[in-house]
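Everything below belongs to query-v3.cif, which stores mmCIF, C-alpha atoms and all ligand atoms.
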```cif
data_start
loop_
_atom_site.label_atom_id
_atom_site.label_comp_id
_atom_site.auth_asym_id
_atom_site.auth_seq_id
_atom_site.Cartn_x
_atom_site.Cartn_y
_atom_site.Cartn_z
CA MET A 14 216.73 55.69 72.16
CA LYS A 15 216.07 53.81 68.92
CA PHE A 16 213.64 53.97 66.00
CA ILE A 17 212.06 51.17 64.02
CA SER A 18 210.10 50.92 60.77
CA THR A 19 206.29 50.94 60.84
CA ARG A 20 206.61 47.67 58.88
CA ALA A 21 209.09 45.96 61.20
CA THR A 22 207.98 42.83 63.05
CA ASP A 23 210.70 43.09 65.70
CA ASN A 24 213.36 45.63 66.68
CA THR A 25 216.47 43.98 65.26
CA ALA A 26 216.85 46.72 62.62
CA ALA A 27 216.40 49.62 65.07
CA VAL A 28 218.42 52.75 64.26
CA THR A 29 219.34 56.00 66.04
CA ALA A 30 217.56 59.29 65.33
CA SER A 31 220.53 60.48 63.24
CA GLU A 32 220.53 57.33 61.15
CA ALA A 33 216.78 57.66 60.59
CA ILE A 34 217.21 61.30 59.55
CA LEU A 35 219.91 60.46 57.01
CA LYS A 36 218.00 57.45 55.62
CA GLY A 37 214.62 59.22 55.28
CA LEU A 38 212.60 56.10 54.57
CA ALA A 39 213.27 52.76 56.32
CA PRO A 40 214.92 50.13 54.05
CA ASP A 41 211.68 48.07 54.02
CA GLY A 42 209.72 51.08 52.70
CA GLY A 43 208.12 51.88 56.07
CA LEU A 44 208.32 55.06 58.14
CA PHE A 45 210.50 55.48 61.21
CA ILE A 46 208.72 55.54 64.59
CA PRO A 47 210.09 55.45 68.14
CA GLU A 48 210.60 51.97 69.53
CA SER A 49 208.77 53.22 72.60
CA PHE A 50 207.72 56.68 73.76
CA PRO A 51 209.93 58.43 76.29
CA HIS A 52 208.41 60.45 79.12
CA LEU A 53 208.71 64.20 79.27
CA SER A 54 211.39 65.14 81.79
CA THR A 55 210.18 66.21 85.23
CA SER A 56 212.48 69.24 84.89
CA PHE A 57 210.59 70.44 81.78
CA THR A 58 210.22 74.23 81.95
CA LEU A 59 208.46 76.93 79.95
CA ALA A 60 210.55 79.62 81.61
CA LYS A 61 213.19 79.78 78.87
CA GLY A 62 210.86 80.31 75.94
CA ALA A 63 209.41 78.29 73.08
CA TRP A 64 212.60 77.06 71.41
CA TYR A 65 213.99 75.83 74.72
CA ALA A 66 210.75 74.01 75.58
CA MET A 67 210.91 72.31 72.18
CA TYR A 68 214.54 71.41 72.81
CA GLN A 69 213.56 69.71 76.07
CA ALA A 70 210.76 67.80 74.33
CA LEU A 71 213.26 66.53 71.73
CA GLN A 72 216.05 65.65 74.17
CA PRO A 73 214.94 62.11 75.10
CA TYR A 74 214.68 61.14 71.40
CA PHE A 75 218.37 62.04 70.99
CA ALA A 76 219.63 60.33 74.17
CA GLY A 77 222.86 58.55 73.20
CA ASP A 78 222.62 59.90 69.64
CA GLU A 79 225.60 61.47 67.87
CA LEU A 80 223.63 64.77 67.75
CA GLU A 81 222.91 64.76 71.49
CA GLY A 82 225.53 67.42 72.25
CA ASP A 83 224.46 69.58 69.28
CA LEU A 84 220.73 69.44 69.86
CA GLU A 85 220.44 72.64 71.88
CA GLU A 86 222.25 74.66 69.20
CA ILE A 87 220.19 73.02 66.41
CA CYS A 88 216.95 73.95 68.19
CA ARG A 89 218.08 77.51 68.90
CA ASN A 90 218.89 77.98 65.20
CA ALA A 91 215.92 76.09 63.76
CA PHE A 92 213.16 77.49 66.01
CA SER A 93 214.26 81.12 65.81
CA PHE A 94 210.77 82.62 65.50
CA PRO A 95 207.77 83.07 67.82
CA VAL A 96 204.98 80.46 68.34
CA PRO A 97 202.12 82.65 69.59
CA PHE A 98 198.54 81.97 70.62
CA HIS A 99 195.84 84.27 69.29
CA ALA A 100 192.99 84.31 71.81
CA GLU A 101 189.29 85.06 71.24
CA LYS A 102 187.13 84.39 74.32
CA GLY A 103 188.68 81.03 75.19
CA LYS A 104 188.81 80.01 71.56
CA ASP A 105 192.53 80.07 70.89
CA THR A 106 194.42 79.75 67.64
CA LEU A 107 198.00 78.51 67.65
CA GLU A 108 199.78 80.47 64.93
CA LEU A 109 202.49 78.26 63.46
CA TYR A 110 203.30 80.65 60.63
CA PHE A 111 206.05 82.97 61.82
CA GLY A 112 208.88 81.06 60.14
CA PRO A 113 210.53 82.27 56.93
CA THR A 114 207.92 80.79 54.57
CA ALA A 115 204.92 81.57 56.81
CA ALA A 116 203.70 77.97 57.24
CA PHE A 117 204.22 75.26 59.87
CA LYS A 118 206.47 73.30 57.48
CA ASP A 119 209.27 75.71 58.44
CA PHE A 120 209.65 73.94 61.82
CA GLY A 121 210.35 70.57 60.24
CA ALA A 122 212.34 71.78 57.23
CA ARG A 123 214.62 73.92 59.39
CA PHE A 124 215.20 71.25 62.03
CA LEU A 125 216.03 68.77 59.28
CA ALA A 126 218.42 71.20 57.53
CA PHE A 127 220.38 72.11 60.68
CA SER A 128 220.52 68.44 61.77
CA MET A 129 221.75 67.23 58.39
CA GLU A 130 224.36 70.00 58.27
CA LYS A 131 225.80 68.83 61.61
CA LEU A 132 225.79 65.17 60.58
CA LEU A 133 227.55 65.90 57.28
CA GLU A 134 230.08 68.16 59.01
CA LYS A 135 231.03 65.28 61.31
CA ARG A 136 231.43 62.96 58.32
CA ASN A 137 233.00 65.58 56.04
CA GLU A 138 230.53 64.58 53.34
CA ASP A 139 228.28 66.54 50.98
CA LEU A 140 224.69 65.87 50.00
CA THR A 141 222.40 67.17 47.27
CA ILE A 142 218.71 67.43 48.12
CA LEU A 143 216.25 67.02 45.25
CA VAL A 144 212.72 68.39 45.67
CA ALA A 145 209.87 68.33 43.19
CA THR A 146 207.25 70.87 44.19
CA SER A 147 203.93 72.14 42.99
CA GLY A 148 203.69 74.71 45.72
CA ASP A 149 204.69 75.17 49.31
CA THR A 150 207.11 72.41 50.20
CA GLY A 151 209.79 73.63 47.77
CA GLY A 152 209.85 77.10 49.30
CA ALA A 153 210.14 75.79 52.87
CA VAL A 154 212.96 73.42 51.91
CA ALA A 155 214.82 76.01 49.79
CA SER A 156 214.66 78.57 52.58
CA ALA A 157 215.66 76.08 55.30
CA PHE A 158 218.66 74.69 53.40
CA HIS A 159 219.88 77.99 51.94
CA GLY A 160 223.33 78.77 53.33
CA ARG A 161 223.74 75.38 55.09
CA ASN A 162 227.22 73.91 54.60
CA HIS A 163 227.76 70.54 52.91
CA LEU A 164 224.27 70.71 51.41
CA SER A 165 222.94 71.88 48.09
CA VAL A 166 219.35 71.90 46.92
CA LYS A 167 217.78 71.49 43.50
CA VAL A 168 214.13 72.53 43.41
CA LEU A 169 212.07 71.41 40.40
CA PHE A 170 208.74 73.01 39.59
CA PRO A 171 206.44 72.79 36.57
CA LYS A 172 206.52 75.82 34.28
CA GLY A 173 203.37 77.92 34.41
CA ARG A 174 201.70 75.74 37.02
CA VAL A 175 202.60 77.32 40.34
CA ALA A 176 200.96 80.44 41.73
CA GLU A 177 202.87 83.69 41.25
CA ARG A 178 203.59 84.22 44.95
CA GLN A 179 204.76 80.65 45.29
CA ARG A 180 207.01 81.00 42.24
CA MET A 181 208.60 84.08 43.80
CA GLN A 182 209.53 81.96 46.83
CA LEU A 183 211.22 79.36 44.66
CA THR A 184 213.18 81.19 42.00
CA GLY A 185 215.23 83.96 43.61
CA TRP A 186 217.79 81.85 45.49
CA ASP A 187 221.51 81.82 44.86
CA GLY A 188 224.46 80.01 46.44
CA ASN A 189 223.62 76.42 47.30
CA VAL A 190 219.99 76.52 46.14
CA THR A 191 219.12 76.27 42.43
CA SER A 192 215.62 76.19 41.05
CA TYR A 193 214.62 74.58 37.78
CA GLU A 194 211.55 75.55 35.82
CA VAL A 195 210.67 72.33 34.07
CA ASP A 196 208.89 72.26 30.73
CA GLY A 197 206.33 69.70 31.93
CA THR A 198 203.88 68.84 34.69
CA PHE A 199 204.35 68.21 38.40
CA ASP A 200 204.31 64.47 37.62
CA ASP A 201 207.24 65.01 35.22
CA CYS A 202 209.14 66.75 38.03
CA GLN A 203 208.49 63.84 40.38
CA ARG A 204 209.52 61.32 37.72
CA MET A 205 212.79 63.21 37.13
CA VAL A 206 213.61 63.04 40.85
CA LYS A 207 212.85 59.29 40.93
CA GLU A 208 215.02 58.66 37.86
CA ALA A 209 217.91 60.63 39.35
CA PHE A 210 217.71 58.49 42.52
CA MET A 211 217.86 55.33 40.41
CA ASP A 212 220.86 56.43 38.33
CA PRO A 213 223.88 54.55 39.75
CA SER A 214 226.29 57.20 38.44
CA LEU A 215 224.73 59.78 40.75
CA SER A 216 225.48 59.36 44.44
CA SER A 217 225.02 61.54 47.51
CA LEU A 218 221.45 62.40 46.63
CA SER A 219 218.78 62.73 49.27
CA SER A 220 215.28 64.05 49.73
CA ALA A 221 213.71 66.23 52.39
CA ASN A 222 210.37 64.43 52.38
CA SER A 223 207.73 65.29 54.92
CA ILE A 224 207.86 61.70 56.17
CA ASN A 225 211.48 62.14 57.35
CA LEU A 226 211.74 61.66 61.12
CA GLY A 227 213.66 64.96 61.26
CA ARG A 228 210.55 66.76 60.03
CA LEU A 229 208.13 64.91 62.28
CA LEU A 230 209.89 65.25 65.64
CA PRO A 231 209.76 69.08 65.70
CA GLN A 232 206.00 68.84 65.13
CA MET A 233 205.78 66.71 68.27
CA ALA A 234 207.87 69.36 70.05
CA TYR A 235 205.57 72.32 69.39
CA TYR A 236 202.60 70.34 70.71
CA VAL A 237 204.48 69.69 73.94
CA TYR A 238 205.21 73.41 74.18
CA ALA A 239 201.69 74.56 73.20
CA SER A 240 199.80 72.09 75.41
CA SER A 241 201.97 73.05 78.39
CA MET A 242 201.29 76.74 77.74
CA TYR A 243 197.58 75.98 77.46
CA GLU A 244 197.57 74.10 80.74
CA VAL A 245 199.15 77.11 82.46
CA LYS A 246 196.59 79.42 80.86
CA TYR A 247 193.38 77.44 81.50
CA GLY A 248 194.40 74.82 84.06
CA GLU A 249 193.12 72.14 81.66
CA GLU A 250 194.45 69.65 79.17
CA ALA A 251 194.37 70.99 75.62
CA VAL A 252 191.92 70.22 72.84
CA PHE A 253 193.66 70.63 69.45
CA ILE A 254 191.86 70.86 66.12
CA ILE A 255 194.38 70.26 63.35
CA PRO A 256 194.07 70.90 59.59
CA SER A 257 195.26 67.64 58.04
CA GLY A 258 196.24 66.20 54.69
CA ASN A 259 199.28 63.96 54.88
CA ILE A 260 198.68 63.77 58.68
CA GLY A 261 202.26 64.72 59.64
CA ASN A 262 201.23 67.68 61.76
CA ALA A 263 198.57 65.65 63.62
CA THR A 264 200.92 62.69 64.14
CA GLY A 265 203.17 65.13 66.01
CA ALA A 266 200.26 65.79 68.39
CA TYR A 267 199.69 62.05 69.01
CA TRP A 268 203.38 61.59 69.75
CA ALA A 269 203.32 64.51 72.20
CA LYS A 270 200.29 62.97 73.94
CA ALA A 271 202.05 59.58 74.06
CA MET A 272 204.94 61.29 75.90
CA GLY A 273 202.59 62.61 78.57
CA ALA A 274 202.01 66.15 77.28
CA PRO A 275 198.75 67.60 78.69
CA ILE A 276 196.49 66.89 75.70
CA LYS A 277 192.89 65.84 76.21
CA ARG A 278 191.57 65.54 72.68
CA ILE A 279 192.95 65.66 69.13
CA VAL A 280 190.52 66.39 66.29
CA LEU A 281 191.58 66.25 62.65
CA ALA A 282 190.00 68.56 60.10
CA ALA A 283 190.24 67.45 56.48
CA ASN A 284 189.01 69.13 53.31
CA ALA A 285 186.84 67.20 50.81
CA ASN A 286 189.51 64.46 50.63
CA ARG A 287 188.09 61.68 52.82
CA PRO A 288 190.49 58.74 53.15
CA LEU A 289 190.51 59.10 56.93
CA THR A 290 186.88 60.09 57.54
CA ASP A 291 185.70 57.17 55.35
CA TYR A 292 187.93 54.75 57.25
CA LEU A 293 186.46 55.94 60.54
CA GLU A 294 182.95 55.36 59.18
CA THR A 295 183.47 52.05 57.38
CA GLY A 296 186.56 50.34 58.84
CA ASP A 297 187.84 49.93 55.32
CA TYR A 298 190.95 51.97 54.48
CA LYS A 299 191.07 52.92 50.81
CA PRO A 300 193.84 55.18 49.48
CA ARG A 301 192.66 57.07 46.38
CA ALA A 302 193.48 59.90 43.96
CA SER A 303 193.36 63.37 45.49
CA LEU A 304 190.61 65.94 44.88
CA LYS A 305 191.45 69.58 44.23
CA THR A 306 190.14 71.90 46.95
CA LEU A 307 190.64 75.44 48.25
CA ALA A 308 192.85 74.06 51.04
CA ASN A 309 195.28 72.71 48.47
CA ALA A 310 198.15 71.81 50.80
CA MET A 311 195.77 69.18 52.21
CA ASP A 312 194.76 67.68 48.85
CA VAL A 313 195.91 64.18 49.76
CA GLY A 314 194.03 60.97 48.94
CA ALA A 315 196.65 58.56 50.29
CA PRO A 316 198.21 60.13 53.39
CA SER A 317 201.67 58.66 54.03
CA ASN A 318 201.59 59.22 57.79
CA ILE A 319 198.52 57.00 58.16
CA GLU A 320 201.07 54.20 58.63
CA ARG A 321 202.33 55.95 61.74
CA LEU A 322 198.77 56.28 63.09
CA PHE A 323 198.05 52.61 62.32
CA SER A 324 201.12 51.64 64.33
CA LEU A 325 199.73 53.58 67.31
CA PHE A 326 196.17 52.27 66.90
CA PRO A 327 196.40 48.98 64.98
CA ASP A 328 192.76 47.94 64.80
CA TRP A 329 189.60 49.86 63.84
CA GLU A 330 188.23 49.84 67.40
CA SER A 331 191.30 51.42 68.96
CA PHE A 332 191.63 53.77 65.97
CA LYS A 333 188.04 54.98 66.41
CA ALA A 334 188.57 55.37 70.14
CA ASN A 335 191.53 57.71 69.60
CA VAL A 336 191.21 59.39 66.23
CA GLU A 337 188.48 61.86 65.40
CA ALA A 338 188.25 63.44 61.94
CA TYR A 339 185.76 65.52 59.98
CA SER A 340 185.66 66.62 56.39
CA VAL A 341 184.96 70.22 55.32
CA SER A 342 183.73 71.33 51.88
CA ASP A 343 184.99 74.28 49.81
CA ASP A 344 181.73 76.13 50.46
CA GLU A 345 182.20 75.70 54.20
CA ILE A 346 185.81 76.91 53.91
CA ARG A 347 184.64 80.12 52.22
CA ARG A 348 181.82 80.63 54.69
CA THR A 349 184.12 80.10 57.68
CA ILE A 350 186.72 82.61 56.45
CA ARG A 351 183.87 85.14 56.16
CA GLU A 352 182.27 84.25 59.49
CA VAL A 353 185.50 84.56 61.47
CA TYR A 354 186.31 87.89 59.81
CA GLU A 355 182.81 89.24 60.51
CA ASP A 356 182.90 88.02 64.14
CA SER A 357 186.25 89.47 65.10
CA GLY A 358 188.22 90.89 62.16
CA TYR A 359 190.60 87.92 62.38
CA VAL A 360 191.80 86.58 59.02
CA ILE A 361 192.53 82.87 58.50
CA CYS A 362 193.82 80.77 55.60
CA PRO A 363 191.67 78.08 53.88
CA HIS A 364 193.43 75.24 55.79
CA THR A 365 192.90 76.89 59.14
CA ALA A 366 189.27 77.49 58.10
CA CYS A 367 188.71 73.70 57.94
CA ALA A 368 189.74 73.41 61.58
CA GLU A 369 187.69 76.45 62.62
CA ARG A 370 184.58 74.95 60.94
CA VAL A 371 185.11 71.72 62.87
CA ARG A 372 185.50 73.68 66.12
CA ARG A 373 182.26 75.57 65.50
CA ASP A 374 180.26 72.45 64.54
CA LYS A 375 181.78 69.52 66.45
CA VAL A 376 183.68 70.69 69.53
CA GLU A 377 181.60 71.41 72.60
CA GLU A 378 184.41 72.29 75.06
CA SER A 379 184.46 75.97 76.02
CA HIS A 380 188.24 76.17 75.50
CA SER A 381 190.04 74.75 72.49
CA VAL A 382 192.95 75.46 70.15
CA VAL A 383 192.65 75.61 66.37
CA VAL A 384 196.06 75.02 64.83
CA SER A 385 196.74 77.64 62.17
CA THR A 386 199.05 76.16 59.56
CA ALA A 387 199.73 79.13 57.27
CA HIS A 388 199.48 82.90 57.08
CA PRO A 389 196.40 83.94 55.07
CA ALA A 390 198.53 86.18 52.80
CA LYS A 391 199.87 83.00 51.18
CA PHE A 392 196.37 82.31 49.87
CA ASN A 393 195.35 85.90 49.15
CA ASP A 394 193.49 85.02 45.93
CA ILE A 395 191.01 82.91 47.93
CA VAL A 396 190.86 84.83 51.21
CA GLU A 397 190.62 88.40 49.88
CA LYS A 398 187.46 87.52 47.93
CA GLU A 399 185.73 86.49 51.15
CA ILE A 400 186.81 89.35 53.39
CA GLY A 401 186.62 92.07 50.74
CA ARG A 402 189.98 93.64 51.42
CA GLU A 403 193.66 93.13 50.70
CA ILE A 404 195.91 91.25 53.12
CA ALA A 405 199.38 92.72 53.66
CA ILE A 406 202.29 90.36 53.07
CA PRO A 407 203.96 89.70 56.45
CA ALA A 408 207.62 90.65 56.87
CA ASN A 409 208.85 87.06 57.18
CA LEU A 410 207.30 86.05 53.87
CA TYR A 411 208.24 89.28 52.11
CA GLU A 412 211.89 88.62 52.84
CA ILE A 413 212.00 85.47 50.72
CA MET A 414 209.82 86.71 47.87
CA HIS A 415 212.43 87.67 45.32
CA SER A 416 211.26 89.57 42.30
CA GLU A 417 214.25 88.61 40.17
CA SER A 418 214.07 85.03 38.96
CA LYS A 419 217.31 83.05 38.83
CA ALA A 420 215.51 79.83 37.81
CA LYS A 421 216.98 77.74 35.02
CA SER A 422 214.56 76.60 32.33
CA ILE A 423 215.04 72.96 31.40
CA GLU A 424 213.35 70.15 29.51
CA ALA A 425 211.72 67.34 31.51
CA ASP A 426 214.94 65.24 31.52
CA TYR A 427 216.72 64.60 34.83
CA ARG A 428 220.15 64.63 33.17
CA LYS A 429 219.76 68.39 32.65
CA LEU A 430 220.01 68.82 36.43
CA PHE A 431 223.63 67.72 36.67
C1 LIG B 501 201.19 70.76 54.61
C2 LIG B 501 200.08 71.63 55.05
C3 LIG B 501 198.95 71.12 55.73
C4 LIG B 501 198.74 69.65 55.96
O1 LIG B 501 199.62 69.12 56.91
P1 LIG B 501 199.84 67.54 56.99
O2 LIG B 501 200.97 67.34 57.92
O3 LIG B 501 200.16 67.11 55.58
O4 LIG B 501 198.57 66.93 57.47
C5 LIG B 501 197.98 72.01 56.18
N1 LIG B 501 198.09 73.32 55.96
C6 LIG B 501 199.15 73.86 55.32
C7 LIG B 501 199.20 75.32 55.11
C8 LIG B 501 200.19 73.04 54.85
O5 LIG B 501 201.22 73.58 54.20
#
```

Would you kindly transcribe this structure into structure tokens?
Amino acid sequence: MKFISTRATDNTAAVTASEAILKGLAPDGGLFIPESFPHLSTSFTLAKGAWYAMYQALQPYFAGDELEGDLEEICRNAFSFPVPFHAEKGKDTLELYFGPTAAFKDFGARFLAFSMEKLLEKRNEDLTILVATSGDTGGAVASAFHGRNHLSVKVLFPKGRVAERQRMQLTGWDGNVTSYEVDGTFDDCQRMVKEAFMDPSLSSLSSANSINLGRLLPQMAYYVYASSMYEVKYGEEAVFIIPSGNIGNATGAYWAKAMGAPIKRIVLAANANRPLTDYLETGDYKPRASLKTLANAMDVGAPSNIERLFSLFPDWESFKANVEAYSVSDDEIRRTIREVYEDSGYVICPHTACAERVRRDKVEESHSVVVSTAHPAKFNDIVEKEIGREIAIPANLYEIMHSESKAKSIEADYRKLF
């Protein structure tokens, strides 16, 4: 099994999954995609639980790879939390927020961390991961890489510009994770990371970007698991409605469908950022600056994974035939959080609310699955106003919210990191 760049014209530069994971981005600047999609094994079983189903979904991508023999252990370690459905009269919600940082990014960050650890162990090499974060990604990466051998992490965040609960998930780490409170903006943090990568005296640096194949493949795997569960439950192929920004989560669903997972329809729900919805309407793809919304983890004006969707559906006609997306305003997000709470007492986060709005307005099937990307307690300042009560912090998230900050304060100069 090999992977090629989205920008490749032939498959002469194809690499293995492990090579793609260590490289991150393809040398030509493109994103790694499978050369062709494997078929789900006929022996696929749900009988051994979620992590094992995800392991089976990943197996063909690692056929002949140096991690082939380690894959089962990596999956058992990485996917060590439940992946439940919450059901309301045929309207299901897939809760992807039982990992350590209470958001779906835990699946990808943890699979990447355990895979990289194995690869470095085999090579007896060490790697330092640099992450600039304005919010959630840093916490997921810090938590996933904490305690992994051969790896250390430096998390950079702008002083005074991340929410208190997010800061508490970034600053309390010890051991191989160090956080840096930078006297500057998020753009300064990103610039520092770029400059460090360009400094020839610094080697063994890497990133844990969301475009890394090691973060995308697990997102394919939970759609194989969830659609198979859904088929057992309703005897139908699944309809997924997916909150989307950088389109990594949704790309996982397209890959699962391409492998033969029982998926009927994939609907993307965006916030007020409209690069995708405008393309569907006009046929003209225009990346742009992002708008700030209540679903801030989806504030993306130039989604990187669009390249992976374009490689699946190269022209506008085939794109329109396969990709469905709707945009949801901040007012609709607020209203939907309220409506769902009033209907059933169920509490959802602002990102999940985008998908729920789309289900209520655009999806006519009697059964469907809204994909819930984060626990509402992560966005308590927005959600509590709508539902009029406090949301308890779930145990998984509480565990990584450290009250004592061990962050180092530094100027916006990358040399202070080393
Ligand atoms: C990252 C994120 C998203 C968007 O996912 P993409 O893969 O970027 O489309 C949605 N919701 C939450 C809570 C996130 O953290």

Original post:
Got a sec to check which residues lie within 9 Å of ligand LIG 501 (chain B), using all atoms listed in the file, and send them as a ChimeraX atom specification?
Top reply: /A:110,115-118,148-150,223,229,232,255-265,281,283,308-313,316-318,362-365,385-388,391

Store the residues of this selection in a file with C-alpha atoms, as a PDB file, in the coordinates of the input.
```
ATOM      1  CA  TYR A 110     203.300  80.650  60.630  1.00  0.00           C
ATOM      2  CA  ALA A 115     204.920  81.570  56.810  1.00  0.00           C
ATOM      3  CA  ALA A 116     203.700  77.970  57.240  1.00  0.00           C
ATOM      4  CA  PHE A 117     204.220  75.260  59.870  1.00  0.00           C
ATOM      5  CA  LYS A 118     206.470  73.300  57.480  1.00  0.00           C
ATOM      6  CA  GLY A 148     203.690  74.710  45.720  1.00  0.00           C
ATOM      7  CA  ASP A 149     204.690  75.170  49.310  1.00  0.00           C
ATOM      8  CA  THR A 150     207.110  72.410  50.200  1.00  0.00           C
ATOM      9  CA  SER A 223     207.730  65.290  54.920  1.00  0.00           C
ATOM     10  CA  LEU A 229     208.130  64.910  62.280  1.00  0.00           C
ATOM     11  CA  GLN A 232     206.000  68.840  65.130  1.00  0.00           C
ATOM     12  CA  ILE A 255     194.380  70.260  63.350  1.00  0.00           C
ATOM     13  CA  PRO A 256     194.070  70.900  59.590  1.00  0.00           C
ATOM     14  CA  SER A 257     195.260  67.640  58.040  1.00  0.00           C
ATOM     15  CA  GLY A 258     196.240  66.200  54.690  1.00  0.00           C
ATOM     16  CA  ASN A 259     199.280  63.960  54.880  1.00  0.00           C
ATOM     17  CA  ILE A 260     198.680  63.770  58.680  1.00  0.00           C
ATOM     18  CA  GLY A 261     202.260  64.720  59.640  1.00  0.00           C
ATOM     19  CA  ASN A 262     201.230  67.680  61.760  1.00  0.00           C
ATOM     20  CA  ALA A 263     198.570  65.650  63.620  1.00  0.00           C
ATOM     21  CA  THR A 264     200.920  62.690  64.140  1.00  0.00           C
ATOM     22  CA  GLY A 265     203.170  65.130  66.010  1.00  0.00           C
ATOM     23  CA  LEU A 281     191.580  66.250  62.650  1.00  0.00           C
ATOM     24  CA  ALA A 283     190.240  67.450  56.480  1.00  0.00           C
ATOM     25  CA  ALA A 308     192.850  74.060  51.040  1.00  0.00           C
ATOM     26  CA  ASN A 309     195.280  72.710  48.470  1.00  0.00           C
ATOM     27  CA  ALA A 310     198.150  71.810  50.800  1.00  0.00           C
ATOM     28  CA  MET A 311     195.770  69.180  52.210  1.00  0.00           C
ATOM     29  CA  ASP A 312     194.760  67.680  48.850  1.00  0.00           C
ATOM     30  CA  VAL A 313     195.910  64.180  49.760  1.00  0.00           C
ATOM     31  CA  PRO A 316     198.210  60.130  53.390  1.00  0.00           C
ATOM     32  CA  SER A 317     201.670  58.660  54.030  1.00  0.00           C
ATOM     33  CA  ASN A 318     201.590  59.220  57.790  1.00  0.00           C
ATOM     34  CA  CYS A 362     193.820  80.770  55.600  1.00  0.00           C
ATOM     35  CA  PRO A 363     191.670  78.080  53.880  1.00  0.00           C
ATOM     36  CA  HIS A 364     193.430  75.240  55.790  1.00  0.00           C
ATOM     37  CA  THR A 365     192.900  76.890  59.140  1.00  0.00           C
ATOM     38  CA  SER A 385     196.740  77.640  62.170  1.00  0.00           C
ATOM     39  CA  THR A 386     199.050  76.160  59.560  1.00  0.00           C
ATOM     40  CA  ALA A 387     199.730  79.130  57.270  1.00  0.00           C
ATOM     41  CA  HIS A 388     199.480  82.900  57.080  1.00  0.00           C
ATOM     42  CA  LYS A 391     199.870  83.000  51.180  1.00  0.00           C
TER      43      LYS A 391
END
```

Return as a Markdown table the residues of stretch 126-216 of chain A lying at most 6 Å from stretch 404-422 of chain A, together with the closest atom-to-atom pair for each and the distance in Å to one decimal, counting all atoms listed in the file, with rows in chain order and ascending residue number.
```
| residue | atom | partner | partner_atom | distance |
| --- | --- | --- | --- | --- |
| A:Met181 | CA | A:Met414 | CA | 5.0 |
| A:Gln182 | CA | A:Met414 | CA | 4.9 |
| A:Thr184 | CA | A:Ser418 | CA | 5.0 |
| A:Gly185 | CA | A:Ser418 | CA | 4.9 |
| A:Ser192 | CA | A:Ala420 | CA | 4.9 |
| A:Tyr193 | CA | A:Lys421 | CA | 4.8 |
| A:Glu194 | CA | A:Ser422 | CA | 4.7 |
```

**OP:** Grab the atom CA of A:Asp78 to atom CA of A:Phe92 distance for me, in Å with one decimal place.
**Re:** 20.3 Å

Original post:
Given the choices A:Thr191, A:Ser216, A:Asn225, A:Ser240, which gets closest to A:Leu430 if the distance is worked out from all atoms listed in the file?
Top reply: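 That would be A:Thr191, the residue with the smallest distance to A:Leu430.
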
**OP:** Might you pull out every residue within 10 Å of stretch 244-251 of chain A, with all atoms listed in the file counted and same-chain residues fewer than 3 positions away left off, and present them as an NGL selection string?
**Re:** :A and (59 or 103 or 236 or 239-241 or 254 or 274-279 or 380-382)

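A straight line drawn from atom CA of A:Tyr427 to atom CA of A:Gly152 is 20.3 Å long.
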
Original post:
With distances taken over only C-alpha atoms, which of A:Ser156, A:Lys167, A:Lys15, A:Ala266 is nearest to A:Lys429?
Top reply: A:Lys167

**OP:** Taking the point (219.5, 79.2, 47.1) as given in the file, collect each protein or nucleic acid residue that comes within 8 Å of it, counting all atoms listed in the file, and present the set as a list in words.
**Re:** Ala155, Ser156, Phe158, His159, Gly160, Val166, Gly185, Trp186, Asp187, Gly188, Asn189, Val190, Thr191 and Ser192 of chain A

Original post:
Which residue, A:Ser93, A:Thr29, A:Asn24, A:Asn222, has the smallest gap to A:Glu79 when you use all atoms listed in the file?
Top reply: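 Of A:Ser93, A:Thr29, A:Asn24, A:Asn222, the one nearest A:Glu79, counting all atoms listed in the file, is A:Thr29.
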
Original post:
Could you work out how far atom CA of A:Phe170 lies from atom CA of A:Leu218, giving the answer in Å with one decimal?
Top reply: 18.0 Å

**OP:** Show which residues sit within 10 Å of stretch 206-211 of chain A, as a list in words. Count all atoms listed in the file, and ignore same-chain residues fewer than 5 positions away.
**Re:**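 My list of contacting residues is Ile142, Leu143, Val144, Ala145, Lys167, Val168, Leu169, Asp200, Asp201, Ser216, Ser217, Leu218, Ser219, Ser220, Asp426, Tyr427, Arg428, Leu430 and Phe431 of chain A.
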
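Between A:Pro47 and the candidates A:Leu183, A:Leu226, A:Leu215, A:Ala368, the tightest atom-to-atom separation, counting all atoms listed in the file, involves A:Leu226.
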
Subject >> Distance criterion (only C-alpha atoms): nearest to A:Ala338 out of A:Asp291, A:Asp105, A:Asp356, A:Glu320 >> reply: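 Among A:Asp291, A:Asp105, A:Asp356, A:Glu320, it is A:Asp291 that comes nearest to A:Ala338.
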
**OP:** Excluding A:Ala366 and residues on its chain fewer than 2 positions from it, collect all residues at most 10 Å away from it, counting all atoms listed in the file, and give them as a list in words.
**Re:** Pro256, Ala282, Asn284, Ala308, Val341, Asp343, Glu345, Ile346, Arg347, Arg348, Thr349, Ile350, Arg351, Glu352, Val353, Val360, Ile361, Cys362, Pro363, His364, Ala368, Glu369, Arg370, Val371, Arg372, Val383, Val384, Ser385 and Thr386 of chain A

**OP:** Rank A:Ala122, A:Ala21, A:Ala63, A:Ala39 by their smallest atom-to-atom distance to A:Phe94, using all atoms listed in the file, and report the top residue only.
**Re:**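 Ranked by minimum distance to A:Phe94, first place goes to A:Ala63.
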
Subject >> All residues 6 Å or closer to A:Ile17, all atoms listed in the file, same chain fewer than 5 positions away omitted, as a list in words >> reply: Ala27, Phe45, Ile46 and Glu48 of chain A
